[in-house]
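Student: Please find one structure pasted underneath; my questions will follow.
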Amino acid sequence: MTAESTEVLTEADALELLGRGRIEIEGRLVDASNTTLRAGISLNGVTRRCVYKPVRGERPLWDFPDGTLAGREVSAYLVSRATGWGLVPPTILRDGPLGPGALQLWIEEPEAAEGLIGFVPAYDVPQGWFPVAAARDDDGDAYALAHADDPRLARLAVFDAVINNADRKGGHVLYPATGSVHGVDHGVSFHVENKLRTVLWGWTGKPLPPDTVTVLERLSAELAGPLGAVLQEHLTHSEVQHVQLRVKRLLRSGCFPKPPTDWPAIPWPPI
């Protein structure tokens with residue numbers, strides 16, 4: 001396999017690479033609960049890494065009986081692309097060495113990348129950060145689960161509310177050298193019941209930024225048209241309808257959502 005280039009790909013080029021490139025599996029990501037493989041992918045002298053999640057490696061989930069986790073990964077990308085926020089790396093559904101699955105561009109993080117979510121001493125929460133939960137370490141010292149008041153994370157919080165993400169851990173947020181923020185691992189999203197679980201509760205009840213409202217209005221229109229149609233290739237009709245309903249509720253309230261009362265609000269582990 002040729003050496004991986006460091007040049008940033010356009011979204012269109014990334015999608016072409018994922019769709020037509022030759023896949024060479026490098027190994028399994030052992031922390032994932034479903035089969036998740038890192039692979040190299042090459043096309044016309046361009047080589048990158050990607051994440052390959054074959055459908056045959058998915059464990060059945062009692063509360064997600066319809067469709068596939070891979071289809072939900074692709075759906076999350078399609079919604080992200082419609083917002084224009086670039087939150088989810090390019091993701092497609094294609095046949096691979098282990099059969100059909102989700103293929104997503106691998107996001108490299110520089111070693112010096114500073115995360116915007118984590119546990120911090122309860123008495124020393126950084127200025128401009130929101131504490132969202134209390135915790136203690138093995139010695140009994142008090143910590144806070146907290147995240148930065150950062151507009152990139154705020155957009156991700158809105159996106160998660162739209163797709164009903166049941167697993168927004170801190171470790172599912174990536175920080176590439178470009179300065180953007182990416183969310184990954186969206187296989188347990190799009191349920192018709194409210195299952196939102198996230199570490200990004202810092203804006204609870206606060207007004208949505210005006211530019212976010214504009215994006216949601218456009219997204220609502222697209223869900224009633226082409227976007228809704230393409231999502232039905234991966235989700236049930238009811239699930240697509242509930243995406244539309246969640247967008248309408250956000251627009252009607254004009255505020256960030258509040259944590260559910262009948263469902264754990266924060267995933268475990270949080271990071």
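Residue numbering restarts at 1 for every chain of the structure tokens, chains are lettered A, B, ... in their displayed order, and ligands are numbered from 1 as they appear.
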Would you tabulate, counting only C-alpha atoms, all residues of region 156-218 of chain A that have an atom at most 12 Å from an atom of region 33-57 of chain A, showing the closest pair of atoms and their distance in Å to one decimal, sorted by chain then ascending number, as a tab-separated table?
Tutor:
residue	atom	partner	partner_atom	distance
A:Val184	CA	A:Val51	CA	10.3
A:Asp185	CA	A:Lys53	CA	10.2
A:His186	CA	A:Lys53	CA	11.6
A:Gly187	CA	A:Asn34	CA	9.8
A:Val188	CA	A:Asn34	CA	11.5
Student: Please provide the set of residues having any atom within 12 Å of Pro151 (chain A), restricted to only C-alpha atoms, with same-chain residues fewer than 2 positions apart removed, written as a list in words.
Tutor: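 Final neighbour list, sorted by chain and number: Trp85, Leu116, Gly128, Trp129, His147, Ala148, Asp149, Leu153, Ala154, Arg155, Leu156, Ala157, Val158, Ser180, Val181, Leu200, Gly202, Trp203, Leu208, Pro209, Asp211 and Thr212 of chain A.
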Student: For the selection you just gave me, I'd like the residues written to a file as a PDB file, in the first residue's frame, keeping N, CA and C atoms.
Tutor:
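again.pdb, written as the output of this step:
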ATOM      1  N   TRP A  85     -22.637  21.748   8.626  1.00  0.00           N
ATOM      2  CA  TRP A  85     -21.713  21.922   9.742  1.00  0.00           C
ATOM      3  C   TRP A  85     -20.497  21.003   9.674  1.00  0.00           C
ATOM      4  N   LEU A 116     -12.133  19.080  24.537  1.00  0.00           N
ATOM      5  CA  LEU A 116     -13.052  20.078  25.075  1.00  0.00           C
ATOM      6  C   LEU A 116     -14.048  19.468  26.050  1.00  0.00           C
ATOM      7  N   GLY A 128     -15.123  29.277  31.433  1.00  0.00           N
ATOM      8  CA  GLY A 128     -15.758  29.064  30.142  1.00  0.00           C
ATOM      9  C   GLY A 128     -16.188  27.629  29.910  1.00  0.00           C
ATOM     10  N   TRP A 129     -16.110  26.788  30.950  1.00  0.00           N
ATOM     11  CA  TRP A 129     -16.582  25.408  30.844  1.00  0.00           C
ATOM     12  C   TRP A 129     -17.857  25.239  31.665  1.00  0.00           C
ATOM     13  N   HIS A 147     -17.595  20.350  30.056  1.00  0.00           N
ATOM     14  CA  HIS A 147     -17.203  20.600  28.669  1.00  0.00           C
ATOM     15  C   HIS A 147     -17.127  22.095  28.413  1.00  0.00           C
ATOM     16  N   ALA A 148     -16.401  22.456  27.378  1.00  0.00           N
ATOM     17  CA  ALA A 148     -16.205  23.862  27.044  1.00  0.00           C
ATOM     18  C   ALA A 148     -17.474  24.479  26.469  1.00  0.00           C
ATOM     19  N   ASP A 149     -17.646  25.767  26.721  1.00  0.00           N
ATOM     20  CA  ASP A 149     -18.721  26.534  26.079  1.00  0.00           C
ATOM     21  C   ASP A 149     -18.194  26.946  24.709  1.00  0.00           C
ATOM     22  N   LEU A 153     -19.047  22.586  19.764  1.00  0.00           N
ATOM     23  CA  LEU A 153     -19.741  21.591  20.574  1.00  0.00           C
ATOM     24  C   LEU A 153     -21.234  21.894  20.654  1.00  0.00           C
ATOM     25  N   ALA A 154     -21.591  23.171  20.663  1.00  0.00           N
ATOM     26  CA  ALA A 154     -23.008  23.533  20.712  1.00  0.00           C
ATOM     27  C   ALA A 154     -23.729  23.015  19.465  1.00  0.00           C
ATOM     28  N   ARG A 155     -23.094  23.142  18.317  1.00  0.00           N
ATOM     29  CA  ARG A 155     -23.692  22.592  17.098  1.00  0.00           C
ATOM     30  C   ARG A 155     -23.834  21.084  17.201  1.00  0.00           C
ATOM     31  N   LEU A 156     -22.832  20.433  17.781  1.00  0.00           N
ATOM     32  CA  LEU A 156     -22.897  18.976  17.936  1.00  0.00           C
ATOM     33  C   LEU A 156     -24.037  18.591  18.880  1.00  0.00           C
ATOM     34  N   ALA A 157     -24.268  19.395  19.916  1.00  0.00           N
ATOM     35  CA  ALA A 157     -25.370  19.122  20.841  1.00  0.00           C
ATOM     36  C   ALA A 157     -26.712  19.216  20.126  1.00  0.00           C
ATOM     37  N   VAL A 158     -26.867  20.200  19.251  1.00  0.00           N
ATOM     38  CA  VAL A 158     -28.102  20.333  18.478  1.00  0.00           C
ATOM     39  C   VAL A 158     -28.249  19.160  17.514  1.00  0.00           C
ATOM     40  N   SER A 180     -11.483  21.785  13.325  1.00  0.00           N
ATOM     41  CA  SER A 180     -12.901  21.425  13.371  1.00  0.00           C
ATOM     42  C   SER A 180     -13.134  20.416  14.493  1.00  0.00           C
ATOM     43  N   VAL A 181     -14.383  20.070  14.709  1.00  0.00           N
ATOM     44  CA  VAL A 181     -14.772  19.047  15.672  1.00  0.00           C
ATOM     45  C   VAL A 181     -15.629  18.029  14.948  1.00  0.00           C
ATOM     46  N   LEU A 200     -23.050  16.534  26.636  1.00  0.00           N
ATOM     47  CA  LEU A 200     -23.117  17.944  26.236  1.00  0.00           C
ATOM     48  C   LEU A 200     -24.415  18.599  26.715  1.00  0.00           C
ATOM     49  N   GLY A 202     -24.478  21.231  28.791  1.00  0.00           N
ATOM     50  CA  GLY A 202     -24.171  22.549  29.352  1.00  0.00           C
ATOM     51  C   GLY A 202     -25.106  23.660  28.918  1.00  0.00           C
ATOM     52  N   TRP A 203     -25.747  23.501  27.762  1.00  0.00           N
ATOM     53  CA  TRP A 203     -26.631  24.566  27.256  1.00  0.00           C
ATOM     54  C   TRP A 203     -28.102  24.281  27.561  1.00  0.00           C
ATOM     55  N   LEU A 208     -31.396  28.749  21.423  1.00  0.00           N
ATOM     56  CA  LEU A 208     -30.573  28.337  20.285  1.00  0.00           C
ATOM     57  C   LEU A 208     -29.986  29.564  19.608  1.00  0.00           C
ATOM     58  N   PRO A 209     -28.736  29.507  19.170  1.00  0.00           N
ATOM     59  CA  PRO A 209     -28.170  30.634  18.421  1.00  0.00           C
ATOM     60  C   PRO A 209     -28.967  30.895  17.141  1.00  0.00           C
ATOM     61  N   ASP A 211     -28.116  31.505  14.093  1.00  0.00           N
ATOM     62  CA  ASP A 211     -27.667  30.783  12.910  1.00  0.00           C
ATOM     63  C   ASP A 211     -28.083  29.314  12.960  1.00  0.00           C
ATOM     64  N   THR A 212     -28.191  28.759  14.170  1.00  0.00           N
ATOM     65  CA  THR A 212     -28.658  27.385  14.315  1.00  0.00           C
ATOM     66  C   THR A 212     -30.129  27.265  13.927  1.00  0.00           C
TER      67      THR A 212
END
Student: Could you please write out, as a list in words, every residue of region 19-95 of chain A that DSSP assigns to strand (DSSP E)?
Tutor: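 Output for region 19-95 of chain A, strand (DSSP E) only: Arg22, Ile23, Glu24, Ile25, Glu26, Gly27, Arg28, Leu37, Arg38, Ala39, Gly40, Ile41, Ser42, Leu43, Val46, Thr47, Arg48, Arg49, Cys50, Val51, Tyr52, Lys53, Pro54, Thr91, Ile92, Leu93, Arg94 and Asp95 of chain A.
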Student: Using DSSP on the backbone coordinates, identify the residues of region 155-226 of chain A assigned to helix (DSSP H, G or I); present them as a list in words.
Tutor: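 In region 155-226 of chain A, DSSP puts these residues in helix (DSSP H, G or I): Arg155, Leu156, Ala157, Val158, Phe159, Asp160, Ala161, Val162, Ile163, Gly170, Gly171, His172, Pro210, Asp211, Thr212, Val213, Thr214, Val215, Leu216, Glu217, Arg218, Leu219, Ser220, Ala221, Glu222, Leu223 and Pro226 of chain A.
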Student: With C-alpha atoms retained, could you export that selection as a compact mmCIF listing (two decimals), in the first residue's frame?
Tutor:
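Result saved to again08.txt:
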# COMPACT_ATOMS: atom_id res chain seq x y z
CA ARG A 155 -23.69 22.59 17.10
CA LEU A 156 -22.90 18.98 17.94
CA ALA A 157 -25.37 19.12 20.84
CA VAL A 158 -28.10 20.33 18.48
CA PHE A 159 -27.18 17.68 15.92
CA ASP A 160 -27.41 14.97 18.60
CA ALA A 161 -30.86 16.22 19.58
CA VAL A 162 -31.96 15.99 15.94
CA ILE A 163 -30.72 12.42 15.42
CA GLY A 170 -16.55 12.39 25.22
CA GLY A 171 -14.47 9.78 23.40
CA HIS A 172 -16.83 10.03 20.42
CA PRO A 210 -29.88 32.46 15.51
CA ASP A 211 -27.67 30.78 12.91
CA THR A 212 -28.66 27.39 14.32
CA VAL A 213 -32.33 28.26 13.94
CA THR A 214 -31.70 29.12 10.29
CA VAL A 215 -30.02 25.75 9.70
CA LEU A 216 -32.86 23.88 11.41
CA GLU A 217 -35.44 25.67 9.27
CA ARG A 218 -33.59 24.61 6.14
CA LEU A 219 -33.17 21.08 7.49
CA SER A 220 -36.90 20.83 8.15
CA ALA A 221 -37.64 21.67 4.52
CA GLU A 222 -35.08 19.15 3.25
CA LEU A 223 -36.46 16.40 5.48
CA PRO A 226 -34.97 14.77 -0.92
Student: Counting only C-alpha atoms, which of A:Leu235, A:Ala144, A:Leu78, A:Leu196 gets nearest to Thr261 (chain A)?
Tutor: A:Leu196
Student: Got a sec: who's within 8 Å of Leu93 (chain A), counting only C-alpha atoms, leaving out chain neighbours fewer than 6 positions off, as a PyMOL selection string?
Tutor: chain A and resi 70-71+74+100-103
Student: Generate a file of the selected residues that holds C-alpha atoms, formatted as a compact mmCIF listing (two decimals), in the first residue's frame.
Tutor:
# COMPACT_ATOMS: atom_id res chain seq x y z
CA ALA A 70 -24.36 0.77 9.58
CA GLY A 71 -27.42 2.39 8.03
CA VAL A 74 -24.71 6.65 7.10
CA PRO A 100 -21.77 -4.66 3.21
CA GLY A 101 -21.02 -2.15 5.92
CA ALA A 102 -20.45 1.47 6.84
CA LEU A 103 -17.20 2.98 5.62
Student: Find the residue from A:Pro60, A:Pro270, A:Pro207, A:Gly99 that sits nearest to Val173 (chain A); use only C-alpha atoms when measuring.
Tutor: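 Closest to Val173 (chain A), using only C-alpha atoms: A:Pro270.
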Student: Using only C-alpha atoms, find the one residue out of A:Val240, A:Leu87, A:Asp63, A:Arg22 that sits nearest to Leu227 (chain A).
Tutor: A:Val240
Student: Which one is closest to Phe64 (chain A): A:Val192, A:Ala265, A:Leu29, A:Leu98? Count only C-alpha atoms.
Tutor: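 Nearest candidate to Phe64 (chain A) out of A:Val192, A:Ala265, A:Leu29, A:Leu98: A:Val192.
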Student: Quick one: pull the distance between CA of Ser189 (chain A) and CA of Ala166 (chain A), Å, one decimal.
Tutor: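 One can read the CA of Ser189 (chain A) to CA of Ala166 (chain A) distance as 5.8 Å.
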Student: A:Gly19, A:Gly67, A:Pro269, A:Gly115: which is nearest His182 (chain A), counting only C-alpha atoms?
Tutor: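 For His182 (chain A), the nearest of the candidates is A:Gly115.
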Student: Determine the nearest neighbour of Arg81 (chain A) from the options A:Glu11, A:Glu239, A:Asp150, A:Glu58, counting only C-alpha atoms.
Tutor: A:Glu11
